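Data from input.txt: compact mmCIF, C-alpha atoms and all ligand atoms
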# COMPACT_ATOMS: atom_id res chain seq x y z
CA MET C 151 16.46 -13.82 13.38
CA PRO C 152 13.88 -15.51 15.65
CA SER C 153 14.63 -15.51 19.35
CA SER C 154 15.06 -18.98 20.82
CA THR C 155 13.41 -18.27 24.16
CA ILE C 156 10.74 -15.85 25.25
CA ASN C 157 12.22 -12.50 26.18
CA ASN C 158 10.86 -12.00 29.68
CA SER C 159 11.97 -8.43 30.40
CA LEU C 160 8.35 -7.59 31.35
CA PRO C 161 6.07 -9.99 33.21
CA GLN C 162 3.81 -11.67 30.66
CA ASP C 163 0.65 -10.51 32.39
CA ALA C 164 1.70 -6.85 31.92
CA LEU C 165 1.70 -7.28 28.15
CA PRO C 166 -1.23 -7.08 25.72
CA LEU C 167 -2.66 -10.13 23.99
CA ALA C 168 -2.27 -10.56 20.24
CA VAL C 169 -5.41 -11.60 18.34
CA SER C 170 -4.98 -13.09 14.88
CA LEU C 171 -7.73 -12.08 12.45
CA GLY C 172 -8.62 -15.60 11.30
CA GLU C 173 -10.76 -16.21 8.23
CA PRO C 174 -11.77 -12.72 7.02
CA ALA C 175 -15.00 -13.99 5.43
CA GLY C 176 -16.12 -15.73 8.62
CA ILE C 177 -17.39 -14.38 11.93
CA GLY C 178 -13.87 -13.73 13.26
CA PRO C 179 -13.82 -9.96 12.57
CA GLU C 180 -17.35 -9.60 14.02
CA ILE C 181 -16.60 -11.41 17.29
CA ILE C 182 -13.35 -9.48 17.72
CA ILE C 183 -15.18 -6.17 17.27
CA LYS C 184 -17.99 -7.23 19.61
CA ALA C 185 -15.50 -8.42 22.22
CA TRP C 186 -13.72 -5.07 22.11
CA ALA C 187 -17.09 -3.27 22.37
CA GLU C 188 -17.78 -5.27 25.55
CA ARG C 189 -14.28 -4.75 27.00
CA GLN C 190 -15.52 -2.87 30.05
CA THR C 191 -18.45 -5.14 30.90
CA HIS C 192 -16.15 -8.16 30.87
CA GLN C 193 -13.05 -6.38 32.14
CA LEU C 194 -11.03 -7.67 29.23
CA PRO C 195 -7.25 -7.40 29.18
CA PRO C 196 -5.82 -5.10 26.48
CA PHE C 197 -5.51 -6.80 23.10
CA PHE C 198 -4.62 -5.84 19.56
CA VAL C 199 -5.59 -7.43 16.26
CA ILE C 200 -3.05 -8.52 13.70
CA GLY C 201 -4.68 -8.36 10.30
CA ALA C 202 -6.22 -5.71 8.07
CA ALA C 203 -7.88 -2.52 9.31
CA ALA C 204 -10.06 -2.29 6.17
CA ILE C 205 -11.53 -5.76 6.79
CA LEU C 206 -12.40 -4.86 10.38
CA GLN C 207 -13.98 -1.56 9.29
CA GLN C 208 -16.07 -3.38 6.68
CA ALA C 209 -17.15 -6.01 9.24
CA ALA C 210 -18.20 -3.21 11.62
CA LEU C 211 -20.22 -1.53 8.85
CA ASP C 212 -21.89 -4.86 7.97
CA ILE C 213 -23.20 -5.23 11.50
CA GLY C 214 -23.99 -1.55 12.02
CA ILE C 215 -21.35 -0.79 14.66
CA THR C 216 -19.37 2.45 14.64
CA LEU C 217 -15.87 1.21 15.32
CA PRO C 218 -13.02 3.46 16.39
CA LEU C 219 -9.89 1.76 15.10
CA ARG C 220 -6.32 2.73 15.94
CA VAL C 221 -3.66 1.48 13.56
CA ILE C 222 -0.55 0.77 15.61
CA SER C 223 2.91 -0.06 14.42
CA SER C 224 4.05 -1.94 17.51
CA PRO C 225 2.35 -3.89 20.34
CA ASP C 226 3.68 -1.41 22.91
CA GLN C 227 1.20 1.16 21.53
CA CYS C 228 -1.73 -1.14 22.30
CA THR C 229 -2.47 -0.53 25.95
CA ALA C 230 -2.69 3.27 25.65
CA ALA C 231 -5.06 2.99 22.68
CA PHE C 232 -7.22 0.13 23.94
CA ASP C 233 -9.71 2.12 26.05
CA SER C 234 -10.79 4.37 23.21
CA ALA C 235 -10.15 2.35 20.03
CA LEU C 236 -9.54 -1.18 18.81
CA PRO C 237 -5.79 -1.36 18.17
CA VAL C 238 -4.89 -2.99 14.85
CA LEU C 239 -1.54 -3.91 13.47
CA ASP C 240 -2.22 -3.71 9.75
CA MET C 241 -0.29 -6.23 7.68
CA GLY C 242 -0.58 -4.07 4.58
CA LEU C 243 -2.40 -6.65 2.48
CA SER C 244 -5.44 -5.01 0.94
CA LEU C 245 -7.92 -7.64 -0.12
CA SER C 246 -11.57 -7.60 -0.97
CA VAL C 247 -13.62 -9.95 1.17
CA THR C 248 -17.23 -11.08 0.89
CA SER C 249 -18.78 -12.37 4.08
CA GLY C 250 -19.51 -16.08 3.88
CA LYS C 251 -17.32 -16.57 0.79
CA PRO C 252 -13.78 -17.44 1.80
CA SER C 253 -10.97 -17.37 -0.71
CA ALA C 254 -7.54 -18.98 -0.73
CA LYS C 255 -6.20 -15.54 -1.75
CA THR C 256 -6.41 -14.41 1.88
CA ALA C 257 -4.22 -17.29 3.12
CA PRO C 258 -1.05 -15.11 3.36
CA LEU C 259 -2.93 -12.65 5.57
CA VAL C 260 -4.48 -15.39 7.73
CA LEU C 261 -1.24 -17.31 8.23
CA GLY C 262 0.95 -14.20 8.37
CA ALA C 263 -1.07 -12.91 11.33
CA ILE C 264 -0.48 -16.13 13.28
CA GLU C 265 3.24 -16.07 12.49
CA GLN C 266 3.58 -12.40 13.43
CA ALA C 267 1.77 -12.96 16.73
CA THR C 268 4.07 -15.84 17.60
CA GLN C 269 7.08 -13.67 16.83
CA PHE C 270 5.77 -10.90 19.11
CA ILE C 271 5.38 -13.36 21.97
CA PHE C 272 8.93 -14.65 21.56
CA ASP C 273 10.10 -11.04 21.38
CA GLY C 274 8.44 -10.38 24.77
CA LYS C 275 5.94 -7.92 23.23
CA ALA C 276 2.72 -9.89 23.70
CA ALA C 277 1.49 -12.07 26.56
CA GLY C 278 -0.18 -14.65 24.40
CA LEU C 279 -2.10 -15.37 21.22
CA VAL C 280 -5.86 -15.59 20.84
CA THR C 281 -6.74 -16.89 17.41
CA ALA C 282 -9.98 -16.14 15.59
CA PRO C 283 -11.16 -19.20 13.64
CA ILE C 284 -9.63 -20.22 10.33
CA GLN C 285 -11.42 -21.91 7.44
CA LYS C 286 -9.30 -25.02 7.28
CA SER C 287 -10.52 -26.31 3.92
CA VAL C 288 -9.59 -23.01 2.25
CA LEU C 289 -6.13 -22.97 3.80
CA TYR C 290 -5.58 -26.57 2.67
CA ASP C 291 -6.43 -25.41 -0.88
CA ALA C 292 -3.73 -22.75 -0.49
CA GLY C 293 -1.16 -25.41 0.48
CA PHE C 294 -1.39 -25.16 4.29
CA ASP C 295 0.03 -28.45 5.47
CA PHE C 296 -1.15 -28.65 9.08
CA PRO C 297 -4.47 -29.90 10.46
CA GLY C 298 -5.01 -26.63 12.35
CA HIS C 299 -3.51 -23.97 14.61
CA THR C 300 -2.57 -26.54 17.25
CA GLU C 301 -0.04 -28.31 15.06
CA TYR C 302 1.01 -25.19 13.12
CA LEU C 303 1.90 -23.38 16.34
CA ALA C 304 4.03 -26.31 17.48
CA LYS C 305 5.99 -25.95 14.24
CA LEU C 306 6.29 -22.15 14.62
CA CYS C 307 7.44 -22.50 18.24
CA ASN C 308 9.90 -25.17 17.25
CA ASP C 309 11.36 -22.78 14.66
CA HIS C 310 12.17 -20.53 17.63
CA THR C 311 13.31 -23.04 20.21
CA GLY C 312 14.50 -26.08 18.25
CA LYS C 313 13.27 -28.20 21.15
CA GLY C 314 10.97 -30.48 19.16
CA GLU C 315 7.85 -28.69 20.43
CA THR C 316 4.62 -30.67 20.49
CA SER C 317 1.15 -29.49 21.39
CA VAL C 318 -2.06 -30.88 22.81
CA MET C 319 -5.58 -29.53 22.19
CA MET C 320 -7.82 -28.94 25.17
CA LEU C 321 -11.37 -27.58 25.15
CA MET C 322 -12.74 -26.02 28.30
CA GLY C 323 -16.32 -25.07 29.15
CA LYS C 324 -17.78 -23.85 32.45
CA ASP C 325 -17.32 -27.15 34.24
CA LEU C 326 -15.62 -29.53 31.86
CA ARG C 327 -12.16 -29.78 30.35
CA VAL C 328 -11.60 -32.33 27.58
CA VAL C 329 -8.63 -33.39 25.50
CA PRO C 330 -9.12 -35.39 22.31
CA LEU C 331 -6.26 -37.91 22.01
CA THR C 332 -6.70 -38.13 18.26
CA VAL C 333 -7.88 -34.86 16.77
CA HIS C 334 -8.59 -34.28 13.10
CA THR C 335 -8.45 -37.98 12.32
CA ALA C 336 -11.08 -39.79 10.25
CA LEU C 337 -13.06 -42.16 12.48
CA LYS C 338 -11.89 -45.20 10.51
CA ASP C 339 -8.26 -44.33 11.32
CA VAL C 340 -8.77 -43.71 15.04
CA PRO C 341 -8.15 -47.22 16.44
CA ALA C 342 -4.76 -47.55 14.75
CA SER C 343 -3.77 -44.07 15.93
CA ILE C 344 -4.26 -44.92 19.60
CA THR C 345 -0.83 -45.92 20.88
CA ALA C 346 0.66 -46.23 24.35
CA ASP C 347 3.21 -43.51 23.53
CA LEU C 348 0.53 -41.07 22.40
CA ILE C 349 -1.54 -41.72 25.53
CA THR C 350 1.49 -41.34 27.79
CA ASP C 351 2.82 -38.17 26.15
CA THR C 352 -0.63 -36.57 26.07
CA LEU C 353 -1.36 -37.35 29.71
CA ILE C 354 2.03 -36.06 30.87
CA CYS C 355 1.44 -32.83 28.93
CA LEU C 356 -2.10 -32.47 30.28
CA HIS C 357 -1.05 -33.17 33.86
CA HIS C 358 1.73 -30.58 33.67
CA ALA C 359 -0.57 -27.96 32.09
CA LEU C 360 -3.28 -28.43 34.71
CA LYS C 361 -0.67 -27.56 37.32
CA GLN C 362 1.22 -24.82 35.46
CA ASP C 363 -1.60 -23.07 33.62
CA PHE C 364 -4.60 -23.72 35.89
CA GLY C 365 -2.99 -23.87 39.32
CA LEU C 366 -4.25 -27.36 40.22
CA SER C 367 -1.82 -28.92 42.68
CA ALA C 368 -3.00 -32.52 42.28
CA PRO C 369 -4.87 -32.90 38.99
CA ARG C 370 -7.38 -35.73 38.61
CA ILE C 371 -7.75 -37.05 35.08
CA ALA C 372 -10.42 -39.40 33.74
CA VAL C 373 -9.71 -41.39 30.58
CA ALA C 374 -12.45 -42.64 28.26
CA GLY C 375 -12.41 -46.00 26.59
CA LEU C 376 -12.74 -46.27 22.82
CA ASN C 377 -15.42 -48.92 22.56
CA PRO C 378 -18.96 -49.26 23.95
CA HIS C 379 -18.83 -50.11 27.68
CA ALA C 380 -15.06 -49.50 27.53
CA GLY C 381 -14.76 -52.78 25.64
CA GLU C 382 -16.89 -54.97 28.00
CA ASP C 383 -13.84 -56.97 29.12
CA GLY C 384 -12.73 -57.44 25.52
CA ALA C 385 -16.08 -58.62 24.14
CA MET C 386 -16.72 -55.27 22.39
CA GLY C 387 -13.18 -54.31 21.40
CA GLN C 388 -9.66 -54.90 22.70
CA GLU C 389 -8.01 -51.45 22.71
CA GLU C 390 -8.87 -50.85 26.38
CA GLN C 391 -7.11 -54.04 27.49
CA THR C 392 -4.19 -54.07 25.08
CA VAL C 393 -3.24 -50.38 24.86
CA ILE C 394 -5.14 -47.94 27.06
CA ALA C 395 -5.20 -49.66 30.49
CA PRO C 396 -1.50 -50.68 30.45
CA ALA C 397 -0.47 -47.09 29.58
CA LEU C 398 -2.59 -45.71 32.44
CA ASP C 399 -1.18 -48.27 34.90
CA LYS C 400 2.36 -47.07 34.19
CA LEU C 401 1.42 -43.45 34.85
CA ARG C 402 -0.41 -44.35 38.07
CA VAL C 403 2.79 -45.98 39.33
CA GLN C 404 4.47 -42.60 38.73
CA GLY C 405 1.87 -40.98 41.02
CA MET C 406 -0.71 -39.57 38.61
CA ASP C 407 -4.34 -39.62 39.72
CA ILE C 408 -5.95 -41.25 36.70
CA SER C 409 -9.25 -43.12 36.42
CA GLY C 410 -10.27 -45.29 33.49
CA PRO C 411 -10.57 -46.41 30.86
CA LEU C 412 -14.18 -45.48 31.58
CA PRO C 413 -17.30 -46.09 29.48
CA ALA C 414 -17.64 -42.75 27.67
CA ASP C 415 -21.43 -42.64 27.87
CA THR C 416 -21.50 -42.33 31.66
CA MET C 417 -18.54 -40.06 32.35
CA PHE C 418 -20.01 -36.65 31.51
CA HIS C 419 -23.09 -36.34 33.74
CA ASP C 420 -22.92 -33.89 36.67
CA ALA C 421 -21.81 -36.30 39.40
CA ALA C 422 -19.24 -37.98 37.16
CA ARG C 423 -17.68 -34.66 36.12
CA ALA C 424 -17.22 -33.72 39.76
CA ARG C 425 -14.76 -36.60 40.11
CA TYR C 426 -12.11 -35.26 37.71
CA ASP C 427 -10.46 -32.04 36.52
CA ALA C 428 -10.03 -33.08 32.89
CA ALA C 429 -11.07 -35.94 30.64
CA LEU C 430 -8.91 -37.54 27.99
CA CYS C 431 -11.09 -38.81 25.15
CA MET C 432 -10.08 -41.10 22.32
CA TYR C 433 -11.37 -39.07 19.38
CA HIS C 434 -12.56 -35.61 18.37
CA ASP C 435 -16.33 -35.92 18.77
CA GLN C 436 -16.15 -38.02 21.93
CA ALA C 437 -14.48 -34.98 23.51
CA LEU C 438 -16.11 -32.06 21.74
CA ILE C 439 -19.76 -33.13 21.81
CA PRO C 440 -20.03 -33.09 25.62
CA VAL C 441 -18.07 -29.87 26.10
CA LYS C 442 -19.92 -27.92 23.39
CA THR C 443 -23.30 -29.29 24.45
CA LEU C 444 -22.77 -28.27 28.05
CA ASP C 445 -21.35 -24.85 27.11
CA PHE C 446 -21.12 -23.41 23.59
CA ASP C 447 -19.15 -20.44 24.92
CA GLY C 448 -16.09 -22.53 25.75
CA VAL C 449 -12.43 -22.05 24.95
CA ASN C 450 -9.89 -24.03 22.97
CA ILE C 451 -6.46 -24.00 24.62
CA THR C 452 -3.20 -25.29 23.19
CA LEU C 453 -1.24 -27.08 25.89
CA GLY C 454 2.44 -27.89 25.92
CA LEU C 455 3.83 -24.87 24.06
CA PRO C 456 6.19 -22.21 25.38
CA ILE C 457 3.61 -19.62 24.30
CA VAL C 458 0.06 -19.08 25.57
CA ARG C 459 -2.60 -19.73 22.91
CA THR C 460 -6.36 -19.82 23.26
CA SER C 461 -9.22 -19.57 20.81
CA PRO C 462 -13.00 -19.58 20.75
CA ASP C 463 -14.14 -23.20 20.58
CA HIS C 464 -16.31 -22.62 17.50
CA GLY C 465 -15.40 -22.23 13.84
CA THR C 466 -15.86 -19.65 11.13
CA ALA C 467 -19.68 -19.95 10.98
CA LEU C 468 -19.83 -18.85 7.33
CA ASN C 469 -23.61 -19.36 7.37
CA ILE C 470 -24.09 -16.32 9.63
CA ALA C 471 -21.05 -14.18 8.74
CA GLY C 472 -21.77 -10.49 8.25
CA GLN C 473 -25.32 -10.79 9.66
CA ASN C 474 -24.82 -9.57 13.23
CA LYS C 475 -25.83 -12.98 14.57
CA ALA C 476 -22.50 -14.15 16.01
CA SER C 477 -22.08 -14.33 19.77
CA PRO C 478 -18.72 -12.98 21.00
CA MET C 479 -18.90 -14.91 24.29
CA SER C 480 -16.51 -17.69 23.31
CA MET C 481 -14.01 -15.07 22.07
CA ILE C 482 -14.45 -13.10 25.30
CA ASN C 483 -13.81 -16.24 27.34
CA ALA C 484 -10.77 -17.04 25.19
CA LEU C 485 -9.32 -13.57 25.92
CA LYS C 486 -9.92 -13.93 29.65
CA CYS C 487 -8.51 -17.44 29.68
CA ALA C 488 -5.32 -16.41 27.85
CA ALA C 489 -4.75 -13.61 30.36
CA GLU C 490 -5.35 -16.01 33.24
CA ILE C 491 -2.88 -18.57 31.89
CA ALA C 492 -0.29 -15.83 31.32
CA ARG C 493 -0.81 -14.74 34.92
CA HIS C 494 -0.36 -18.29 36.20
CA ARG C 495 2.82 -18.70 34.17
CA THR C 496 4.21 -15.36 35.37
CA GLN C 497 3.40 -16.05 39.00
CA LYS C 498 4.20 -19.76 38.66
CA VAL C 499 1.11 -20.64 40.74
N1 LIG C 501 -9.90 -22.85 15.93
C1 LIG C 501 -10.33 -22.83 14.67
O1 LIG C 501 -9.74 -22.15 13.84
C2 LIG C 501 -11.52 -23.64 14.28
C3 LIG C 501 -11.88 -23.66 12.97
N2 LIG C 501 -12.97 -24.39 12.56
C4 LIG C 501 -13.28 -24.34 11.15
O2 LIG C 501 -14.48 -23.60 10.95
C5 LIG C 501 -15.11 -24.03 9.76
C6 LIG C 501 -16.59 -24.27 10.00
O3 LIG C 501 -16.75 -25.31 10.97
P1 LIG C 501 -18.14 -25.87 11.47
O4 LIG C 501 -17.92 -27.28 11.80
O5 LIG C 501 -19.22 -25.49 10.53
O6 LIG C 501 -18.38 -25.18 12.89
P2 LIG C 501 -18.80 -23.70 13.30
O7 LIG C 501 -18.51 -23.59 14.75
O8 LIG C 501 -18.21 -22.70 12.40
O9 LIG C 501 -20.40 -23.63 13.08
C7 LIG C 501 -21.29 -24.60 13.64
C8 LIG C 501 -22.65 -23.93 13.92
O10 LIG C 501 -22.53 -23.09 15.05
C9 LIG C 501 -22.90 -21.75 14.72
N3 LIG C 501 -21.97 -20.84 15.41
C10 LIG C 501 -20.61 -20.99 15.51
N4 LIG C 501 -20.09 -20.00 16.20
C11 LIG C 501 -21.10 -19.19 16.57
C12 LIG C 501 -21.17 -17.96 17.33
N5 LIG C 501 -20.08 -17.36 17.84
N6 LIG C 501 -22.38 -17.39 17.50
C13 LIG C 501 -23.48 -17.98 16.98
N7 LIG C 501 -23.48 -19.13 16.27
C14 LIG C 501 -22.30 -19.73 16.07
C15 LIG C 501 -22.76 -21.64 13.20
O11 LIG C 501 -23.56 -20.62 12.67
C16 LIG C 501 -23.14 -23.05 12.77
O12 LIG C 501 -24.55 -23.15 12.68
C17 LIG C 501 -14.34 -25.29 9.30
O13 LIG C 501 -13.42 -24.91 8.30
C18 LIG C 501 -13.58 -25.69 10.53
O14 LIG C 501 -12.41 -26.38 10.26
C19 LIG C 501 -13.73 -25.10 13.45
C20 LIG C 501 -13.41 -25.09 14.78
C21 LIG C 501 -12.29 -24.36 15.30
N1 LIG C 502 -12.50 -28.79 16.32
C1 LIG C 502 -11.50 -28.02 16.97
C2 LIG C 502 -10.62 -27.37 16.01
O1 LIG C 502 -10.77 -27.54 14.82
C3 LIG C 502 -9.56 -26.48 16.54
O2 LIG C 502 -8.45 -26.55 15.71
P1 LIG C 502 -7.17 -25.63 15.91
O3 LIG C 502 -7.15 -24.75 14.71
O4 LIG C 502 -7.32 -24.90 17.19
O5 LIG C 502 -6.03 -26.59 15.91
Would you mind writing the structure in this file as structure tokens?
Ligand SMILES: NC(=O)C1=CN([C@@H]2O[C@H](COP(=O)(O)OP(=O)(O)OC[C@H]3O[C@@H](n4cnc5c(N)ncnc54)[C@H](O)[C@@H]3O)[C@@H](O)[C@H]2O)C=CC1
Ligand SMILES: NCC(=O)COP(=O)(O)O
Amino acid sequence: MPSSTINNSLPQDALPLAVSLGEPAGIGPEIIIKAWAERQTHQLPPFFVIGAAAILQQAALDIGITLPLRVISSPDQCTAAFDSALPVLDMGLSLSVTSGKPSAKTAPLVLGAIEQATQFIFDGKAAGLVTAPIQKSVLYDAGFDFPGHTEYLAKLCNDHTGKGETSVMMLMGKDLRVVPLTVHTALKDVPASITADLITDTLICLHHALKQDFGLSAPRIAVAGLNPHAGEDGAMGQEEQTVIAPALDKLRVQGMDISGPLPADTMFHDAARARYDAALCMYHDQALIPVKTLDFDGVNITLGLPIVRTSPDHGTALNIAGQNKASPMSMINALKCAAEIARHRTQKV
């Protein structure tokens, strides 16, 4: 029976992080192994993998790393093992995997790991979830009915709390945080998806998370327009005047420090970024191009959930899987970020 609230018998920052294996044929196993190998250099918090020990061993062999693995049966065995071996909670699904060639057959393992991690967090056994990337197209073929982790985790959390959980995606690099208002939406469908309610709900969630998870006492948020020149007073599109600006005005009256709608082309240079703590963008690439261009080692963070979830900001990189070419830095930053958010939530700073 799922617990309806997180069991907080131990402070969250005293618990290990759960890492879901992600797409076994992608670079997920490799970046997890490399992150563990660099645990001391980066002073990483203890973490354990939920997945398949055989897949991790094979990934280590592929990249020529000798990997001490410790199969654990419960998260409370993680911290003692972590210094000397990578702790793995084996889900008992033995599958053959070829790097770079994902298969829908692994979907139960991929999704089961995410579900199990969520359960551990609600059980008070893990501080948060760090997800290795999933191959979305392959999961869709297997019947997965969510755009990605962000929405799937809202559903899983809602199964626990029944509170109608919703989630917001944020990407964070060294000196930029961005939130895409519309996420995995085809460009042609973006204008119709931009509503006052979506803007309002997203900004309230973002504002709260900047305080709760990042310790900012008075967050400053910049909002991009949709059209060139933020619509040029209506000559190049009306969404700024009819939807975006009125929604922002209402939130300003409630005391939020919000600028915009701003022309998107001039809001990401150094001086502009210094004027805000996070940017709300209207669509996926408007948000993700600047953040990944400035810093490809960034972190994807799910805001608004009762659980902590972070992820590397890149995908499965099938083109380099199994070749020892994947950088673990985004995964390392995701692990550090999850621990930091858990600490903020525990200390309520
Ligand atoms: N959180 C998640 O689960 C995410 C999953 N994806 C999924 O990943 C799959 C592939 O997506 P793409 O758009 O091709 O993006 P991608 O990030 O997998 O790859 C884009 C390019 O960056 C390179 N790259 C990515 N990570 C790297 C790393 N750690 N070190 C060195 N090079 C790296 C790849 O080799 C490729 O050339 C798709 O199914 C997508 O939906 C994408 C983003 C996030
Ligand atoms: N492009 C970002 C992305 O796909 C992340 O998706 P999610 O699986 O974290 O929801």
Give me, as a tab-separated table, the closest atom pair and its distance (Å, one decimal) for every residue of chain C within a cut-off of 9 Å of ligand LIG 501 (chain C), counting all atoms listed in the file, rows sorted by chain and rising number.
residue	atom	partner	partner_atom	distance
C:Gly172	CA	C:LIG501	O1	7.1
C:Glu173	CA	C:LIG501	O1	8.2
C:Gly176	CA	C:LIG501	O8	8.2
C:Ile177	CA	C:LIG501	N5	7.1
C:Gly178	CA	C:LIG501	N5	8.5
C:Ile181	CA	C:LIG501	N5	6.9
C:Thr281	CA	C:LIG501	N1	6.9
C:Ala282	CA	C:LIG501	O1	6.3
C:Pro283	CA	C:LIG501	O1	3.3
C:Ile284	CA	C:LIG501	O1	4.0
C:Gln285	CA	C:LIG501	O13	3.7
C:Lys286	CA	C:LIG501	O13	4.2
C:Ser287	CA	C:LIG501	O13	5.4
C:Val288	CA	C:LIG501	O13	7.4
C:Leu289	CA	C:LIG501	O13	8.8
C:Pro297	CA	C:LIG501	O14	8.7
C:Gly298	CA	C:LIG501	O1	6.7
C:His299	CA	C:LIG501	O1	6.5
C:Thr300	CA	C:LIG501	N1	8.3
C:Phe446	CA	C:LIG501	C11	8.2
C:Asp447	CA	C:LIG501	N5	7.8
C:Asn450	CA	C:LIG501	N1	7.1
C:Thr460	CA	C:LIG501	N1	8.7
C:Ser461	CA	C:LIG501	N1	5.9
C:Pro462	CA	C:LIG501	N1	6.6
C:Asp463	CA	C:LIG501	C21	5.7
C:His464	CA	C:LIG501	O7	3.7
C:Gly465	CA	C:LIG501	O8	3.2
C:Thr466	CA	C:LIG501	O8	4.1
C:Ala467	CA	C:LIG501	O8	3.4
C:Leu468	CA	C:LIG501	O8	6.6
C:Asn469	CA	C:LIG501	O11	5.4
C:Ile470	CA	C:LIG501	O11	5.3
C:Ala471	CA	C:LIG501	O11	8.0
C:Lys475	CA	C:LIG501	C13	6.0
C:Ala476	CA	C:LIG501	N6	3.6
C:Ser477	CA	C:LIG501	N6	3.8
C:Pro478	CA	C:LIG501	N5	5.6
C:Met479	CA	C:LIG501	N5	7.0
C:Ser480	CA	C:LIG501	N5	6.5
C:Met481	CA	C:LIG501	N5	7.7
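From CA of Ser244 (chain C) back to CA of Ala204 (chain C), the distance works out to 7.5 Å.
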Which residue is closest to ligand LIG 502 (chain C)? Choose from C:Phe364, C:Ser170, C:Ala203, C:Arg402 and count only C-alpha atoms and all ligand atoms. C:Ser170
Report as a list in words all protein, DNA and RNA residues lying within 9 Å of Ala437 (chain C), evaluated on only C-alpha atoms, omitting residues in the same chain fewer than 3 positions from it. Leu321, Arg327, Val328, Val329, Pro330, Leu331, Ala429, Leu430, Cys431, Met432, Tyr433, His434, Pro440, Val441 and Lys442 of chain C
Pick from C:Ala424, C:Leu453, C:Leu194, C:Ala336 nearest to Asp351 (chain C), counting all atoms listed in the file: C:Leu453
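Each of C:Asp420, C:Asp212, C:Glu188, C:Asp435 was checked against ligand LIG 502 (chain C) using all atoms listed in the file; the smallest atom-to-atom distance is that of C:Asp435.
Closest to Pro196 (chain C) among C:Gly381, C:Gly278, C:Gly214, C:Pro369 is C:Gly278, based on all atoms listed in the file.
The spacing separating CA of Val373 (chain C) from atom O3 of ligand LIG 502 (chain C) amounts to 23.1 Å.
In this structure, CA of Arg495 (chain C) sits 28.6 Å away from CA of His334 (chain C).
Between ligand LIG 502 (chain C) and the residues C:Ala263, C:Val449, C:Leu236, C:Ala164, the shortest atom-to-atom distance, using only C-alpha atoms and all ligand atoms, involves C:Val449.
If only C-alpha atoms are the atoms counted, then among C:His494, C:Lys313, C:Lys400, C:Arg370 the closest residue to Ala346 (chain C) is C:Lys400.
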If you count all atoms listed in the file, which residues fall within 10 Å of Leu165 (chain C), apart from same-chain ones fewer than 2 positions away, as a CSV table (one decimal) with C-alpha atoms, keeping the file's coordinate frame?
chain,number,residue,atom,x,y,z
C,160,LEU,CA,8.4,-7.6,31.4
C,161,PRO,CA,6.1,-10.0,33.2
C,162,GLN,CA,3.8,-11.7,30.7
C,163,ASP,CA,0.6,-10.5,32.4
C,167,LEU,CA,-2.7,-10.1,24.0
C,168,ALA,CA,-2.3,-10.6,20.2
C,195,PRO,CA,-7.2,-7.4,29.2
C,196,PRO,CA,-5.8,-5.1,26.5
C,197,PHE,CA,-5.5,-6.8,23.1
C,225,PRO,CA,2.4,-3.9,20.3
C,226,ASP,CA,3.7,-1.4,22.9
C,228,CYS,CA,-1.7,-1.1,22.3
C,229,THR,CA,-2.5,-0.5,26.0
C,271,ILE,CA,5.4,-13.4,22.0
C,274,GLY,CA,8.4,-10.4,24.8
C,275,LYS,CA,5.9,-7.9,23.2
C,276,ALA,CA,2.7,-9.9,23.7
C,277,ALA,CA,1.5,-12.1,26.6
C,278,GLY,CA,-0.2,-14.6,24.4
C,489,ALA,CA,-4.8,-13.6,30.4
C,492,ALA,CA,-0.3,-15.8,31.3
If we count all atoms listed in the file, what is near region 255-258 of chain C at a cut-off of 12 Å, once residues fewer than 2 positions away on the same chain are taken out, given as a PyMOL selection string? chain C and resi 171-176+201-202+205+241-248+251-253+260-266+284-294
Would you put the residues from that selection into a file with C-alpha atoms, as a tab-separated table (two decimals), in the frame of the given file?
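Saved to result35.tsv:
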chain	number	residue	atom	x	y	z
C	171	LEU	CA	-7.73	-12.08	12.45
C	172	GLY	CA	-8.62	-15.60	11.30
C	173	GLU	CA	-10.76	-16.21	8.23
C	174	PRO	CA	-11.77	-12.72	7.02
C	175	ALA	CA	-15.00	-13.99	5.43
C	176	GLY	CA	-16.12	-15.73	8.62
C	201	GLY	CA	-4.68	-8.36	10.30
C	202	ALA	CA	-6.22	-5.71	8.07
C	205	ILE	CA	-11.53	-5.76	6.79
C	241	MET	CA	-0.29	-6.23	7.68
C	242	GLY	CA	-0.58	-4.07	4.58
C	243	LEU	CA	-2.40	-6.65	2.48
C	244	SER	CA	-5.44	-5.01	0.94
C	245	LEU	CA	-7.92	-7.64	-0.12
C	246	SER	CA	-11.57	-7.60	-0.97
C	247	VAL	CA	-13.62	-9.95	1.17
C	248	THR	CA	-17.23	-11.08	0.89
C	251	LYS	CA	-17.32	-16.57	0.79
C	252	PRO	CA	-13.78	-17.44	1.80
C	253	SER	CA	-10.97	-17.37	-0.71
C	260	VAL	CA	-4.48	-15.39	7.73
C	261	LEU	CA	-1.24	-17.31	8.23
C	262	GLY	CA	0.95	-14.20	8.37
C	263	ALA	CA	-1.07	-12.91	11.33
C	264	ILE	CA	-0.48	-16.13	13.28
C	265	GLU	CA	3.24	-16.07	12.49
C	266	GLN	CA	3.58	-12.40	13.43
C	284	ILE	CA	-9.63	-20.22	10.33
C	285	GLN	CA	-11.42	-21.91	7.44
C	286	LYS	CA	-9.30	-25.02	7.28
C	287	SER	CA	-10.52	-26.31	3.92
C	288	VAL	CA	-9.59	-23.01	2.25
C	289	LEU	CA	-6.13	-22.97	3.80
C	290	TYR	CA	-5.58	-26.57	2.67
C	291	ASP	CA	-6.43	-25.41	-0.88
C	292	ALA	CA	-3.73	-22.75	-0.49
C	293	GLY	CA	-1.16	-25.41	0.48
C	294	PHE	CA	-1.39	-25.16	4.29
